[in-house]
$ cat upload.csv   # CSV, C-alpha atoms
chain,number,residue,atom,x,y,z
A,251,VAL,CA,88.5,100.2,132.2
A,252,ASP,CA,90.5,103.4,132.0
A,253,PRO,CA,90.4,105.6,128.9
A,254,SER,CA,93.7,107.3,129.9
A,255,ILE,CA,95.6,104.0,129.4
A,256,ARG,CA,97.9,104.0,126.3
A,257,PHE,CA,98.6,100.6,124.9
A,258,TYR,CA,101.6,99.6,122.7
A,259,GLN,CA,101.6,96.5,120.6
A,260,ALA,CA,105.0,95.0,119.5
A,261,SER,CA,104.3,94.1,115.9
A,262,SER,CA,107.0,92.8,113.6
A,263,SER,CA,108.3,93.0,110.0
A,264,GLU,CA,107.4,89.3,109.7
A,265,ILE,CA,103.8,90.3,109.3
A,266,PHE,CA,104.8,91.1,105.7
A,267,GLY,CA,106.4,87.7,105.1
A,268,GLU,CA,106.7,87.7,101.3
A,269,PRO,CA,106.1,91.4,100.7
A,270,VAL,CA,104.4,92.6,97.5
A,271,GLU,CA,106.5,95.8,97.6
A,272,SER,CA,109.8,96.9,98.9
A,273,PRO,CA,110.4,98.9,101.1
A,274,GLN,CA,107.3,98.2,103.2
A,275,THR,CA,105.1,100.9,104.7
A,276,GLU,CA,102.1,100.9,107.1
A,277,GLU,CA,99.9,100.4,104.0
A,278,THR,CA,101.7,97.3,102.7
A,279,PRO,CA,99.3,94.3,102.7
A,280,LEU,CA,100.1,91.7,105.3
A,281,SER,CA,101.3,88.3,104.0
A,282,PRO,CA,102.9,86.5,106.9
A,283,LEU,CA,104.9,83.3,106.1
A,284,THR,CA,106.1,82.0,109.5
A,285,PRO,CA,104.0,80.9,112.5
A,286,TYR,CA,105.5,83.9,114.4
A,287,GLY,CA,104.5,86.2,111.6
A,288,VAL,CA,100.9,84.8,111.5
A,289,ALA,CA,100.5,85.4,115.3
A,290,LYS,CA,101.9,88.9,115.0
A,291,ALA,CA,99.5,89.6,112.2
A,292,TYR,CA,96.6,88.6,114.3
A,293,ALA,CA,97.8,90.9,117.1
A,294,HIS,CA,98.3,93.7,114.7
A,295,PHE,CA,94.7,93.4,113.3
A,296,ILE,CA,93.1,93.1,116.8
A,297,VAL,CA,94.9,96.3,118.0
A,298,ARG,CA,93.6,98.1,114.9
A,299,SER,CA,90.1,96.8,115.7
A,300,TYR,CA,90.1,98.0,119.2
A,301,ARG,CA,91.5,101.4,118.2
A,302,ARG,CA,88.8,101.9,115.5
A,303,ARG,CA,85.8,100.3,117.2
A,304,TYR,CA,86.4,101.4,120.8
A,305,GLY,CA,88.5,104.5,120.5
A,306,MET,CA,91.4,103.0,122.5
A,307,HIS,CA,94.8,104.8,122.4
A,308,ALA,CA,96.4,101.7,121.0
A,309,SER,CA,99.5,101.8,118.8
A,310,ALA,CA,101.4,99.2,116.9
A,311,GLY,CA,105.1,99.5,116.1
A,312,ILE,CA,106.1,97.4,113.1
A,313,LEU,CA,109.7,96.8,114.2
A,314,TYR,CA,112.4,95.5,111.9
A,315,ASN,CA,115.4,93.6,113.4
A,316,HIS,CA,116.6,95.6,116.4
A,317,GLU,CA,119.8,94.4,118.1
A,318,SER,CA,121.6,95.0,121.4
A,319,PRO,CA,124.1,93.2,123.7
A,320,ARG,CA,121.0,91.8,125.5
A,321,ARG,CA,120.0,89.7,122.6
A,322,PRO,CA,120.3,85.9,123.0
A,323,LEU,CA,123.4,84.4,121.4
A,324,GLU,CA,121.4,82.6,118.7
A,325,PHE,CA,120.6,85.9,116.9
A,326,ALA,CA,123.2,86.5,114.2
A,327,PRO,CA,124.5,90.0,115.2
A,328,ARG,CA,125.2,88.9,118.8
A,329,LYS,CA,126.5,85.5,117.7
A,330,VAL,CA,129.0,87.1,115.3
A,331,ALA,CA,130.0,89.8,117.7
A,332,HIS,CA,130.6,87.3,120.5
A,333,ALA,CA,132.6,85.0,118.2
A,334,ALA,CA,134.8,87.9,117.0
A,335,ALA,CA,135.5,89.0,120.5
A,336,ALA,CA,136.1,85.4,121.8
A,337,ILE,CA,138.4,84.5,118.9
A,338,SER,CA,140.4,87.7,119.3
A,339,LEU,CA,140.9,86.8,123.0
A,340,GLY,CA,142.0,83.2,122.2
A,341,LEU,CA,138.9,81.8,123.8
A,342,GLU,CA,137.4,80.3,120.6
A,343,GLY,CA,138.8,79.3,117.3
A,344,GLU,CA,136.1,79.4,114.7
A,345,LEU,CA,132.6,80.6,113.7
A,346,TRP,CA,130.0,78.6,111.8
A,347,LEU,CA,127.3,80.4,109.8
A,348,GLY,CA,124.7,79.8,107.1
A,349,ASP,CA,124.0,82.1,104.2
A,350,LEU,CA,126.4,85.0,104.2
A,351,ASP,CA,124.4,86.7,101.5
A,352,ALA,CA,121.2,86.9,103.6
A,353,ARG,CA,120.2,90.5,104.2
A,354,ARG,CA,118.4,92.3,107.0
A,355,ASP,CA,117.3,95.8,108.0
A,356,TRP,CA,119.2,95.9,111.3
A,357,GLY,CA,118.9,98.8,113.8
A,358,TYR,CA,119.8,99.5,117.4
A,359,ALA,CA,117.2,98.4,120.0
A,360,ALA,CA,117.5,101.5,122.2
A,361,ASP,CA,116.6,103.7,119.2
A,362,TYR,CA,113.5,101.5,118.5
A,363,VAL,CA,112.4,101.6,122.2
A,364,ARG,CA,112.5,105.4,121.9
A,365,ALA,CA,110.1,105.2,118.9
A,366,MET,CA,107.7,103.1,121.1
A,367,SER,CA,107.7,105.7,123.8
A,368,LEU,CA,107.1,108.5,121.2
A,369,MET,CA,104.0,106.6,119.9
A,370,THR,CA,102.4,106.5,123.3
A,371,ARG,CA,102.8,110.3,123.6
A,372,GLN,CA,100.9,111.1,120.5
A,373,PRO,CA,97.3,112.6,120.7
A,374,GLU,CA,96.0,109.3,119.1
A,375,GLY,CA,97.1,105.8,118.6
A,376,ASP,CA,98.4,104.7,115.2
A,377,GLU,CA,100.7,102.2,113.4
A,378,TYR,CA,104.3,103.0,112.5
A,379,VAL,CA,107.1,101.2,110.7
A,380,VAL,CA,110.3,101.4,112.7
A,381,ALA,CA,113.3,100.6,110.6
A,382,THR,CA,116.5,102.0,109.1
A,383,GLY,CA,115.4,101.7,105.5
A,384,VAL,CA,118.7,100.0,104.6
A,385,THR,CA,119.6,96.3,104.4
A,386,HIS,CA,123.0,94.8,105.1
A,387,SER,CA,124.3,91.3,104.5
A,388,VAL,CA,125.6,88.8,107.0
A,389,ARG,CA,128.9,89.0,105.2
A,390,GLU,CA,129.1,92.8,105.9
A,391,LEU,CA,128.2,92.1,109.6
A,392,VAL,CA,131.0,89.5,109.8
A,393,GLN,CA,133.6,91.8,108.1
A,394,LEU,CA,132.8,94.8,110.4
A,395,ALA,CA,132.9,92.6,113.5
A,396,PHE,CA,136.2,91.0,112.8
A,397,ASP,CA,137.7,94.4,111.6
A,398,ARG,CA,136.8,95.7,115.0
A,399,VAL,CA,139.2,93.2,116.6
A,400,GLY,CA,141.8,93.4,113.9
A,401,LEU,CA,141.3,89.9,112.4
A,402,GLU,CA,140.8,88.6,108.9
A,403,TRP,CA,137.3,87.0,109.1
A,404,GLU,CA,138.0,84.5,106.2
A,405,GLN,CA,140.5,82.7,108.4
A,406,PHE,CA,137.9,81.8,111.1
A,407,VAL,CA,134.4,81.7,109.5
A,408,HIS,CA,133.0,78.5,108.0
A,409,ILE,CA,129.7,77.7,106.3
A,410,ASP,CA,127.4,75.1,107.8
A,411,GLU,CA,124.8,74.1,105.2
A,412,SER,CA,122.4,73.0,107.9
A,413,LEU,CA,122.1,76.6,109.0
A,414,VAL,CA,121.0,77.8,105.5
A,415,ARG,CA,117.2,78.4,105.8
A,416,GLY,CA,116.4,77.7,102.2
A,417,LYS,CA,112.7,78.3,101.4
A,418,SER,CA,112.0,79.6,104.9
A,419,GLU,CA,114.4,82.5,104.3
A,420,LEU,CA,112.6,85.9,104.3
A,421,HIS,CA,113.6,88.2,101.5
A,422,ASN,CA,113.2,91.9,100.7
A,423,LEU,CA,112.1,92.8,104.3
A,424,VAL,CA,113.2,96.5,104.5
A,425,GLY,CA,111.1,99.2,106.1
A,426,ASP,CA,110.2,102.7,105.1
A,427,PRO,CA,110.2,104.8,108.3
A,428,ALA,CA,109.0,108.0,106.7
A,429,LYS,CA,105.8,108.1,108.8
A,430,ALA,CA,107.7,107.7,112.0
A,431,ARG,CA,110.1,110.4,110.9
A,432,GLU,CA,107.4,112.9,110.0
A,433,ARG,CA,104.9,112.2,112.7
A,434,LEU,CA,107.1,111.2,115.6
A,435,GLY,CA,110.2,113.2,114.7
A,436,TRP,CA,112.1,109.9,115.0
A,437,GLU,CA,115.4,109.0,113.5
A,438,PRO,CA,117.8,106.2,114.2
A,439,THR,CA,121.0,107.5,115.9
A,440,VAL,CA,123.2,104.5,115.6
A,441,THR,CA,124.5,103.5,112.1
A,442,PHE,CA,125.0,99.8,111.1
A,443,GLU,CA,128.7,100.2,111.5
A,444,GLY,CA,128.2,101.8,114.9
A,445,LEU,CA,125.9,99.0,116.0
A,446,VAL,CA,128.4,96.3,115.1
A,447,GLN,CA,131.2,98.1,117.0
A,448,LEU,CA,128.9,98.5,120.0
A,449,LEU,CA,128.1,94.8,120.0
A,450,VAL,CA,131.7,93.7,119.7
A,451,ASP,CA,132.9,96.1,122.4
A,452,ALA,CA,130.2,94.9,124.7
A,453,GLU,CA,131.3,91.3,124.2
A,454,LEU,CA,134.9,92.2,124.7
A,455,GLU,CA,134.0,93.8,128.0
A,456,HIS,CA,131.8,90.9,129.1
A,457,LEU,CA,134.5,88.3,128.2

$ encode --input "upload.csv" --output "structure tokens"
Amino acid sequence: VDPSIRFYQASSSEIFGEPVESPQTEETPLSPLTPYGVAKAYAHFIVRSYRRRYGMHASAGILYNHESPRRPLEFAPRKVAHAAAAISLGLEGELWLGDLDARRDWGYAADYVRAMSLMTRQPEGDEYVVATGVTHSVRELVQLAFDRVGLEWEQFVHIDESLVRGKSELHNLVGDPAKARERLGWEPTVTFEGLVQLLVDAELEHL
């Protein structure tokens, strides 16, 4: 319709599912495991098809977990940050979690949106992994969140076996953002520690 349009597709690390290599790059074979990952893989392939066959300026950002205070409460980082803040204010008394050893490549959503914008400003569309390249455990997340409010997390956090994902848990998902760094000049500006502090402070202010 209009060749000047620049299209961005929100792909996901879940297109790699059970990755054959770690960290993952733009060349890592897709092996989605979840229905969400399968749908995202289709979208990723069709964007590549339109870019190559029809010359569209169509980019796909393969984004790893990106968090912010706007995330729904069922996502672990916001859930933990909210609980730490609420417990410190006497509004709640405990937090139930699943596997504390589960690991994720967590980044700050605002940094990742900046990467999306940079993709659309390039001369041609392409695919980019957007990640920190480092994983952290849920246990680290919990410790940092409760440290922020001056509490010992072990006194308030309990394990709910029904929240443990078992075979559906995704392992070894960690991205290599080298291409985004080299081609887009992109770097994450918020560390994992800074992200957790930001989330907790936002919950304290909200509550």

$ axis_aligned_box --input "upload.csv" --around "region 306-316 of chain A" --padding-each-side "3 Å" --output "JSON"
{"center_x": 104.0, "center_y": 99.2, "center_z": 117.2, "size_x": 31.2, "size_y": 17.2, "size_z": 16.6}

$ closest_residue --input "upload.csv" --among "A:Arg398, A:His408, A:Arg321, A:His316" --to "Ala381 (chain A)" --atoms "only C-alpha atoms"
A:His316

$ atom_distance --input "upload.csv" --atom1 "CA of Ala291 (chain A)" --atom2 "CA of Ser262 (chain A)"
8.3 Å

$ closest_atom_pairs --input "upload.csv" --of "region 308-341 of chain A" --to "region 299-302 of chain A" --cutoff "12 Å" --atoms "all atoms listed in the file" --output "CSV"
residue,atom,partner,partner_atom,distance
A:Ala308,CA,A:Arg301,CA,5.7
A:Ser309,CA,A:Arg301,CA,8.0
A:Ala310,CA,A:Arg301,CA,10.2

$ closest_residue --input "upload.csv" --among "A:Pro253, A:Gly305, A:Gly287, A:Gly435" --to "Arg364 (chain A)" --atoms "all atoms listed in the file"
A:Gly435

$ build_atoms --input "upload.csv" --residues "region 423-449 of chain A" --atoms "N, CA, C and O atoms" --output "PDB file, in the coordinates of the input"
ATOM      1  N   LEU A 423     112.748  92.164 103.134  1.00  0.00           N
ATOM      2  CA  LEU A 423     112.100  92.800 104.300  1.00  0.00           C
ATOM      3  C   LEU A 423     112.991  94.064 104.631  1.00  0.00           C
ATOM      4  O   LEU A 423     114.051  93.948 105.233  1.00  0.00           O
ATOM      5  N   VAL A 424     112.514  95.211 104.207  1.00  0.00           N
ATOM      6  CA  VAL A 424     113.200  96.500 104.500  1.00  0.00           C
ATOM      7  C   VAL A 424     112.082  97.520 104.699  1.00  0.00           C
ATOM      8  O   VAL A 424     111.163  97.625 103.887  1.00  0.00           O
ATOM      9  N   GLY A 425     112.157  98.266 105.789  1.00  0.00           N
ATOM     10  CA  GLY A 425     111.100  99.200 106.100  1.00  0.00           C
ATOM     11  C   GLY A 425     111.300 100.600 105.679  1.00  0.00           C
ATOM     12  O   GLY A 425     112.427 101.060 105.574  1.00  0.00           O
ATOM     13  N   ASP A 426     110.204 101.293 105.418  1.00  0.00           N
ATOM     14  CA  ASP A 426     110.200 102.700 105.100  1.00  0.00           C
ATOM     15  C   ASP A 426     109.737 103.485 106.343  1.00  0.00           C
ATOM     16  O   ASP A 426     108.528 103.503 106.619  1.00  0.00           O
ATOM     17  N   PRO A 427     110.644 104.124 107.098  1.00  0.00           N
ATOM     18  CA  PRO A 427     110.200 104.800 108.300  1.00  0.00           C
ATOM     19  C   PRO A 427     109.780 106.227 108.155  1.00  0.00           C
ATOM     20  O   PRO A 427     109.798 107.007 109.110  1.00  0.00           O
ATOM     21  N   ALA A 428     109.334 106.590 106.962  1.00  0.00           N
ATOM     22  CA  ALA A 428     109.000 108.000 106.700  1.00  0.00           C
ATOM     23  C   ALA A 428     107.898 108.507 107.622  1.00  0.00           C
ATOM     24  O   ALA A 428     107.974 109.640 108.106  1.00  0.00           O
ATOM     25  N   LYS A 429     106.881 107.680 107.903  1.00  0.00           N
ATOM     26  CA  LYS A 429     105.800 108.100 108.800  1.00  0.00           C
ATOM     27  C   LYS A 429     106.304 108.410 110.190  1.00  0.00           C
ATOM     28  O   LYS A 429     105.943 109.428 110.810  1.00  0.00           O
ATOM     29  N   ALA A 430     107.141 107.535 110.708  1.00  0.00           N
ATOM     30  CA  ALA A 430     107.700 107.700 112.000  1.00  0.00           C
ATOM     31  C   ALA A 430     108.585 108.990 112.073  1.00  0.00           C
ATOM     32  O   ALA A 430     108.592 109.739 113.057  1.00  0.00           O
ATOM     33  N   ARG A 431     109.294 109.211 110.991  1.00  0.00           N
ATOM     34  CA  ARG A 431     110.100 110.400 110.900  1.00  0.00           C
ATOM     35  C   ARG A 431     109.309 111.673 110.894  1.00  0.00           C
ATOM     36  O   ARG A 431     109.618 112.639 111.613  1.00  0.00           O
ATOM     37  N   GLU A 432     108.233 111.656 110.121  1.00  0.00           N
ATOM     38  CA  GLU A 432     107.400 112.900 110.000  1.00  0.00           C
ATOM     39  C   GLU A 432     106.480 113.113 111.160  1.00  0.00           C
ATOM     40  O   GLU A 432     106.341 114.252 111.621  1.00  0.00           O
ATOM     41  N   ARG A 433     105.845 112.045 111.665  1.00  0.00           N
ATOM     42  CA  ARG A 433     104.900 112.200 112.700  1.00  0.00           C
ATOM     43  C   ARG A 433     105.480 112.210 114.130  1.00  0.00           C
ATOM     44  O   ARG A 433     105.015 112.921 115.020  1.00  0.00           O
ATOM     45  N   LEU A 434     106.500 111.378 114.311  1.00  0.00           N
ATOM     46  CA  LEU A 434     107.100 111.200 115.600  1.00  0.00           C
ATOM     47  C   LEU A 434     108.381 112.036 115.805  1.00  0.00           C
ATOM     48  O   LEU A 434     108.870 112.192 116.923  1.00  0.00           O
ATOM     49  N   GLY A 435     108.935 112.501 114.678  1.00  0.00           N
ATOM     50  CA  GLY A 435     110.200 113.200 114.700  1.00  0.00           C
ATOM     51  C   GLY A 435     111.344 112.187 115.086  1.00  0.00           C
ATOM     52  O   GLY A 435     112.363 112.555 115.681  1.00  0.00           O
ATOM     53  N   TRP A 436     111.157 110.916 114.677  1.00  0.00           N
ATOM     54  CA  TRP A 436     112.100 109.900 115.000  1.00  0.00           C
ATOM     55  C   TRP A 436     113.130 109.616 113.955  1.00  0.00           C
ATOM     56  O   TRP A 436     112.797 109.576 112.771  1.00  0.00           O
ATOM     57  N   GLU A 437     114.365 109.443 114.360  1.00  0.00           N
ATOM     58  CA  GLU A 437     115.400 109.000 113.500  1.00  0.00           C
ATOM     59  C   GLU A 437     116.346 108.069 114.219  1.00  0.00           C
ATOM     60  O   GLU A 437     116.598 108.269 115.411  1.00  0.00           O
ATOM     61  N   PRO A 438     116.844 107.042 113.562  1.00  0.00           N
ATOM     62  CA  PRO A 438     117.800 106.200 114.200  1.00  0.00           C
ATOM     63  C   PRO A 438     119.124 106.985 114.462  1.00  0.00           C
ATOM     64  O   PRO A 438     119.527 107.778 113.610  1.00  0.00           O
ATOM     65  N   THR A 439     119.743 106.800 115.618  1.00  0.00           N
ATOM     66  CA  THR A 439     121.000 107.500 115.900  1.00  0.00           C
ATOM     67  C   THR A 439     122.221 106.729 115.770  1.00  0.00           C
ATOM     68  O   THR A 439     123.315 107.282 115.729  1.00  0.00           O
ATOM     69  N   VAL A 440     122.068 105.392 115.674  1.00  0.00           N
ATOM     70  CA  VAL A 440     123.200 104.500 115.600  1.00  0.00           C
ATOM     71  C   VAL A 440     123.246 103.877 114.176  1.00  0.00           C
ATOM     72  O   VAL A 440     122.269 103.254 113.761  1.00  0.00           O
ATOM     73  N   THR A 441     124.339 104.055 113.450  1.00  0.00           N
ATOM     74  CA  THR A 441     124.500 103.500 112.100  1.00  0.00           C
ATOM     75  C   THR A 441     124.736 101.954 112.242  1.00  0.00           C
ATOM     76  O   THR A 441     125.004 101.440 113.340  1.00  0.00           O
ATOM     77  N   PHE A 442     124.665 101.253 111.116  1.00  0.00           N
ATOM     78  CA  PHE A 442     125.000  99.800 111.100  1.00  0.00           C
ATOM     79  C   PHE A 442     126.386  99.572 111.606  1.00  0.00           C
ATOM     80  O   PHE A 442     126.639  98.690 112.440  1.00  0.00           O
ATOM     81  N   GLU A 443     127.331 100.369 111.103  1.00  0.00           N
ATOM     82  CA  GLU A 443     128.700 100.200 111.500  1.00  0.00           C
ATOM     83  C   GLU A 443     128.864 100.470 113.018  1.00  0.00           C
ATOM     84  O   GLU A 443     129.569  99.736 113.723  1.00  0.00           O
ATOM     85  N   GLY A 444     128.187 101.513 113.499  1.00  0.00           N
ATOM     86  CA  GLY A 444     128.200 101.800 114.900  1.00  0.00           C
ATOM     87  C   GLY A 444     127.615 100.718 115.769  1.00  0.00           C
ATOM     88  O   GLY A 444     128.094 100.411 116.868  1.00  0.00           O
ATOM     89  N   LEU A 445     126.544 100.112 115.249  1.00  0.00           N
ATOM     90  CA  LEU A 445     125.900  99.000 116.000  1.00  0.00           C
ATOM     91  C   LEU A 445     126.809  97.823 116.125  1.00  0.00           C
ATOM     92  O   LEU A 445     126.928  97.251 117.210  1.00  0.00           O
ATOM     93  N   VAL A 446     127.475  97.440 115.042  1.00  0.00           N
ATOM     94  CA  VAL A 446     128.400  96.300 115.100  1.00  0.00           C
ATOM     95  C   VAL A 446     129.522  96.558 116.066  1.00  0.00           C
ATOM     96  O   VAL A 446     129.886  95.692 116.877  1.00  0.00           O
ATOM     97  N   GLN A 447     130.090  97.751 116.021  1.00  0.00           N
ATOM     98  CA  GLN A 447     131.200  98.100 117.000  1.00  0.00           C
ATOM     99  C   GLN A 447     130.684  98.047 118.392  1.00  0.00           C
ATOM    100  O   GLN A 447     131.378  97.542 119.283  1.00  0.00           O
ATOM    101  N   LEU A 448     129.487  98.553 118.624  1.00  0.00           N
ATOM    102  CA  LEU A 448     128.900  98.500 120.000  1.00  0.00           C
ATOM    103  C   LEU A 448     128.744  97.111 120.474  1.00  0.00           C
ATOM    104  O   LEU A 448     129.071  96.794 121.642  1.00  0.00           O
ATOM    105  N   LEU A 449     128.260  96.222 119.613  1.00  0.00           N
ATOM    106  CA  LEU A 449     128.100  94.800 120.000  1.00  0.00           C
ATOM    107  C   LEU A 449     129.370  94.132 120.310  1.00  0.00           C
ATOM    108  O   LEU A 449     129.487  93.400 121.299  1.00  0.00           O
TER     109      LEU A 449
END
